Every structure is written in C-alpha cells, then in structure tokens.
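Following: one structure in structure tokens, then a few remarks.
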Amino acid sequence: MSEIATGTTSLLRASLSRTGKWAGSVAFVSGAVSDVLNPLGPFAAYIALIAAVAAAIIAIAMVLRLVLAAKAMPALIFATSAAAIAGGVYGIQQETNSQNGVIATLVPAVAELQQSLGIVSEKVARIEQTVTETQKTVEQVKKSTDTVARKTDQIAQAEKQQTAQGAETQKTVEAVKQTTDTLAAGQQQQQVQAEKLQATTEQIAASIDTIAKGFAQLAAQGGAIADPKRPDEFYHNARVYELAGDMLNARRSYLAFAGFDVDAIDPYTRFATLLRVQDGKAGAREVFGQLAEKAKAPAITLVHLLQFDDAQRRDKLDAFITANPDYAPAYFLLAQEFSEDRLGSQTLADKRSEAQALTKFVSYEKDGGLLKYFVDQRELADWLDRSRSRLVALGDVLDPARFVPTLTPTRSNAGWSMTISLPEPATAISWRLGDSGPFTDTGLMAINDQRTGKPMPNPSFELPDSTAATNIGIKYLDIRGRETGPFDIRFDPDSALQQGNKQILDQFWTSWIAFDAGGNHGLVYFTQMLSFRCAIKEVRYSLNGTALDNQIKMPPCDAKDPYAIPSDYQPYFRVKDDVKSMAVQVTYTDGTKSPVREYKRQ
C-alpha cells in the first residue's frame with residue numbers, strides 16, 4: 001500500500017509540473033470570460049458544473065483502471081482546476097449579487113465592454129420580446145381559430161338543423177298535400193254518396209208511395225192475402241189478423257213486413273202496441289232491439305227507443321232527434337212525452353215543450369212532406385188531427401209575454417204588502433230586491449195546495465214604506481221541481497200607490513159621496529175619495545144635474561201617511577134641502593177620467 005501511495009504521489013507531482021501551469025491558466029481565463037459574459041447568462045455555473053462532472057468521471061475511470069493513470073492525470077487536473085475556478089467565480093457572483101460579474105464591478109473598462117456587448121443582449125431581449133409577443137399573437141390566433149372553429153361548428157349544426165327542418169317541412173307539406181288530396185277524394189266520395197243517398201231516398205219515397213197505394217187498394221178489398229209477397233200485402237194481412245184476434249199470424253206478418261226494412265212509422269208503432277199487449281214493454285223492447293240491429297230504417301230505431309221507460313226514453317229520443325233533425329215523426333212522438341195523457345198534469349214548461357214539438361211536426365205537412373213516412377194515410381190524418389187539436393187547446397202558451405208572474409203592491413200605513421200571482425201551481429216561491437244578490441224564500445203556509453198535494457207557498461212578502469223604485473225578481477219551482485224564472489218586475493212606489501188607490505176608487509165608487517150621513521142632515525161627506533186622494537188629480541161635481549160646474553179641493557197626497565186626513569181639513573160640505581142629487585167625475589193622476597157618477601139623496 002505504501003508503495004502504491006508513493007507511486008501515485010510521484011505521478012501527481014510529475015503531472016502538475018507538466019500540465020499544471022497551462023491547465024490553471026486556461027481554467028483562469030475560462031472563469032474570467034464566464035464572469036464577463038455573466039449578463040448573458042450564468043456561464044460560470046455552467047463551466048463549474050460541467051468541469052466537476054468531467055473530473056468525477058475521470059477519477060472514477062482511473063480508480064477502476066479503465067484508463068492509464070499517466071494519461072488521465074493531466075485531464076483530471078485541468079477539469080478539477082476549471083471546476084474550482086469557475087465555481088469560485090460563481091460563488092463570488094452570488095455573494096456580491098453582481099449581475100454584470102465580479103470583474104466588471106472592479107474594472108470599468110470591462111463594464112464598457114459589456115455595454116458594447118449589451119447590443120447583443122438588447123437584441124437578444126428584443127428577440128425574446130418578439131418571441132413573447134409572437135407567442136401571444138399565436139395564442140390569440142389560436143383562440144380566434146378556436147372561436148372560428150366553434151362558430152363553424154355552430155353554423156354547421158344550424159345548417160344541419162335547417163336541413164332537418166327543411167326535410168320535416170317538406171314532409172309536412174307532402175303530408176298536408178296528401179291530406180288535402182284525401183279530403184278532396186273524401187268530398188268527392190261524400191258527394192257521390194250524397195247523390196246515391198238522395199237517389200235512394202227518392203226511391204224509398206217512391207216505394208213507400210207504391211206500398212201505400214197497394215195497401216189502400218187491399219184495405220178496400222178486405223180479407224187476408226193467401227200468398228203475400230210484397231210489404232204492403234204483409235202489412236195488410238197483419239192488420240186483418242189483428243182485427244180478427246189472430247195475434248200469432250198478425251205478429252208473423254208484422255215481422256215479415258219488417259224484413260223489407262221499409263222506413264215507415266205507422267206499421268212499427270202498431271206492431272209495438274201488439275207486442276206490449278202480448279209480451280209487455282220488455283218483450284217489445286227485445287223484439288225491436290233485434291230488428292234494429294239488422295235494419296237500416298230509422299223508423300225501426302225510433303220505435304225501438306220508445307219501448308224504454310220515462311227518462312231513459314226521453315234521453316234516447318233527444319239523441320235520435322239530434323242525429324236525425326229532419327225526421328218529422330220524431331217530433332210528434334216527442335210531443336207525447338210532454339202531453340197531459342202521459343204526465344197526468346202539465347206545467348207551463350211541459351205545455352210549451354209539447355206545443356213546440358207539435359208545431360215542428362205540423363210544419364212538415366207542407367208540400368206533402370209527411371206522406372213518405374206513412375203506409376196508412378189514415379194514420380197520418382189521425383196524427384195531424386190530434387196535433388192541431390192540442391195546439392188549439394194549448395193556445396198562446398208559446399207567447400213569451402204571457403204566463404208570467406205578476407206583482408200587486410198594496411200600501412198600508414206600515415209599508416208595502418207585495419202579493420205574487422203565478423201562472424201555474426208552484427211548490428216554492430222566492431224573491432229578490434234589485435238586479436243582484438240572493439233570493440229570499442217566501443216560506444210555506446199551513447195549508448196544502450190541492451193541485452200539488454204539498455204545502456202551499458206563501459204568495460206574499462213585505463217591504464218597508466221607504467223602499468225606492470227598483471226591480472223585483474221573482475222565481476218559483478213548478479210541480480216537477482223545475483225552476484222557472486227569474487222574472488224581473490218593475491216596482492215604482494209612487495205609481496203603485498196611485499194605481500192601488502185608483503183601483504179601490506173604481507171598485508167602490510158607490511161610497512164616494514154620502515148624503516146626511518150619521519144623522520148629520522144637510523151635510524155631504526166625501527171621506528172615501530179623500531182617503532184615496534193620492535190617485536186623484538181633480539174632482540168635479542154638480543148639484544141637481546150633470547153640469548160638473550163645481551170642484552172639490554183636495555189636500556196634497558202624503559206618501560209617508562197616504563190615508564190620513566189632515567186635522568185642519570173638513571171632509572164634508574153643506575147643501576140646502578132642495579138638493580136631491582149630486583153628479584161627480586174624478587180625473588186620475590194618470591190622466592184618465594171616471595164615468596160621471598150620480599148619487600140620489602134619500
């Protein structure tokens with residue numbers, strides 16, 4: 001070991017003597033140059049790092065005997081010297097915080113050299129600035145490019161949507177065109193069907209006319225047809241068998257007639273009557289239900305629905321008329337639903353509904369519009385006679401101004417008593433003061449109304465004497481519980497007071513004048529006229545004749561106490577004994593005049 005150490009020491013000394021001078025000089029120059037160039041970059045640190053790495057590699061190679069020590073030693077010395085000097089320079093720079101280097105700080109000439117070299121640095125800075133600006137521009141361009149790309153994508157998507165919408169619009173247009181073509185074709189088809197239906201209707205009318213004529217001829221001949229083949233022959237036989245009491249063959253003949261699907265009402269109504277007698281309403285409903293499923297004639301459907309009960313029958317009949325508004329026989333049958341025969345007792349609403357339906361039915365008689373519905377014209381004549389008779393009996397029930405409630409106001413010292421008169425029996429009455437607000441029920445009396453079998457509603461109500469002119473609404477429930485009204489009736493207290501007083505004066509005119517009343521000889525009393533003076537404008541009279549040349553001055557009407565006689569007014573005047581009579585005429589506030597009334601003195 002001592003020998004190896006001795007050899008290494010001697011080798012180191014030999015190398016230093018040979019390479020130490022130039023290696024140190026080069027390392028020193030390198031450190032000085034790196035210090036001068038420090039403004040451009042930390043070259044001292046770069047040289048120190050590179051030299052230290054190189055020295056470490058060479059030393060490792062020598063230890064591992066990868067190279068000859070004699071050859072590697074100079075390089076090791078150079079790398080070590082460079083690392084030591086450059087590292088020392090970099091350390092001094094960092095300690096003194098010399099941005100321009102240690103030498104430039106100590107030697108001004110070197111600083112001037114750096115300034116000349118600063119042109120390069122400035123250019124480099126400009127280049128860096130240009131690069132930075134270029135990078136920013138590139139980034140902006142990239143952003144703009146991205147924005148343009150997004151806009152392009154949006155435009156592309158919009159174009160796609162527009163293309164899709166255009167396609168959908170085209171499909172819609174094509175669908176509309178197809179629908180229009182379909183509708184046009186449907187309208188043409190409906191027109192053809194309507195023409196066919198019209199032709200069929202005319203054929204049916206013609207066939208019914210033929211059947212009716214054939215039936216009339218057969219009815220004139222009498223007797224059953226042995227081998228019937230036509231509908232008129234089967235109907236004729238059904239009637240013959242029915243009159244003879246042969247209900248089985250009558251039924252068979254009616255069913256055979258129905259098989260022809262003739263749209264005539266009278267054969268089916270007679271057949272339904274026969275079935276109800278034999279099988280009841282349920283049996284008739286079942287038979288006609290089976291016929292209606294197969295037949296097309298509205299008459300069969302109409303007679304079928306008549307076999308139902310009450311409200312259900314009415315609903316079905318209304319539905320039939322809605323679907324067949326010009327089927328005339330339906331209106332006659334509808335009228336029967338409101339008739340007195342069907343209901344027992346009719347309300348005004350029932351009478352109006354019956355009259356409306358019968359009026360509609362009779363209106364089809366014009367130009368023979370009913371003939372096509374009847375095989376037996378005698379049956380049609382019966383329906384028309386019954387319709388006209390009922391319309392005469394119903395009178396002007398369809399006049400909206402008739403059959404409305406009336407209100408009779410009667411004034412007393414306490415106020416107004418309002419008496420209601422209704423055009424028909426009622427089960428409840430209510431009233432309202434004014435055009436809005438709730439109605440008030442008048443209540444019930446302690447007696448029954450023989451027409452309804454229920455307690456009679458109170459027909460009157462009271463109002464205070466201060467009630468001003470207004471409308472009074474009246475409504476009531478009829479015997480079927482249906483509400484009628486409200487009816488608005490005008491109430492004017494001044495006019496009502498005058499009209500009420502006038503009515504009393506006209507009704508009790510014999511009490512206008514009293515001669516010598518109560519034993520008061522020579523006095524003429526006119527107390528009654530004075531009490532009801534609110535209806536009087538003027539009273540003229542004459543004695544022993546009709547000249548009417550005198551006048552009775554009346555005190556003014558006191559609306560708050562209309563019947564009171566002022567305390568300072570005398571309700572009489574004196575006459576002589578030769579006065580035997582007195583003539584009186586009253587002019588009322590409405591401008592009318594009473595007849596000249598003459599009173600004899602007893």
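We name chains A, B, ... following the order of the structure tokens; residues begin at 1 in each chain, and ligands are numbered from 1 as shown.
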
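Backbone DSSP over range 285-439 of chain A yields strand (DSSP E or B) at Thr406, Leu407, Thr408, Pro409, Thr410, Arg411, Gly415, Trp416, Ser417, Met418, Thr419, Ile420, Ser421, Ala428, Ile429, Ser430, Trp431, Arg432 and Leu433 of chain A.
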
Export of the given selection (C-alpha atoms) as a tab-separated table (two decimals), in the first residue's frame:
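Done, and the output landed in part-v3.tsv:
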chain	number	residue	atom	x	y	z
A	406	THR	CA	-147.47	39.45	-11.68
A	407	LEU	CA	-146.89	41.52	-8.58
A	408	THR	CA	-149.64	43.51	-6.83
A	409	PRO	CA	-148.34	46.07	-4.30
A	410	THR	CA	-150.71	47.20	-1.56
A	411	ARG	CA	-149.79	50.18	0.59
A	415	GLY	CA	-145.42	49.73	4.49
A	416	TRP	CA	-145.94	47.63	1.38
A	417	SER	CA	-147.54	44.21	1.10
A	418	MET	CA	-146.47	42.53	-2.18
A	419	THR	CA	-148.82	39.82	-3.48
A	420	ILE	CA	-147.46	37.42	-6.14
A	421	SER	CA	-149.72	35.83	-8.73
A	428	ALA	CA	-141.84	27.21	-3.71
A	429	ILE	CA	-141.60	30.95	-4.40
A	430	SER	CA	-138.66	33.29	-3.83
A	431	TRP	CA	-137.98	36.97	-4.46
A	432	ARG	CA	-135.09	39.41	-4.68
A	433	LEU	CA	-134.94	43.19	-4.39

**Prompt:** How far is it from CA of Ile77 in chain A to CA of Arg65 in chain A, in Å with one decimal?
**Reply:**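 Result for CA of Ile77 in chain A versus CA of Arg65 in chain A: 17.2 Å, one decimal.
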
**Members of range 372-593 of chain A assigned alpha helix (DSSP H) by DSSP, as a VMD selection string** = chain A and resid 377 to 394 493 to 507 527 to 531

**Message:** Excluding range 226-242 of chain A and its own-chain neighbours fewer than 3 positions away, which residues fall within 12 Å of it when counting only C-alpha atoms? Please give them as a PyMOL selection string.
**Reply:** chain A and resi 207-223+245-264+266-268+270-271+273-275+277+374-376

How close does range 357-449 of chain A get to range 319-337 of chain A? List, as a Markdown table, each residue of range 357-449 of chain A within 9 Å, its nearest atom pair and the distance in Å to one decimal, counting only C-alpha atoms.
| residue | atom | partner | partner_atom | distance |
| --- | --- | --- | --- | --- |
| A:Ala357 | CA | A:Tyr331 | CA | 5.1 |
| A:Leu358 | CA | A:Phe332 | CA | 5.8 |
| A:Thr359 | CA | A:Tyr331 | CA | 8.7 |
| A:Lys360 | CA | A:Tyr331 | CA | 6.6 |
| A:Phe361 | CA | A:Tyr331 | CA | 5.4 |
| A:Val362 | CA | A:Phe332 | CA | 8.5 |
| A:Ser363 | CA | A:Ala328 | CA | 8.9 |
| A:Tyr364 | CA | A:Ala328 | CA | 6.6 |
| A:Gly369 | CA | A:Ala328 | CA | 8.4 |
| A:Leu370 | CA | A:Ala328 | CA | 7.1 |
| A:Tyr373 | CA | A:Pro329 | CA | 7.4 |
| A:Trp383 | CA | A:Phe332 | CA | 7.8 |
| A:Ser387 | CA | A:Phe332 | CA | 7.7 |
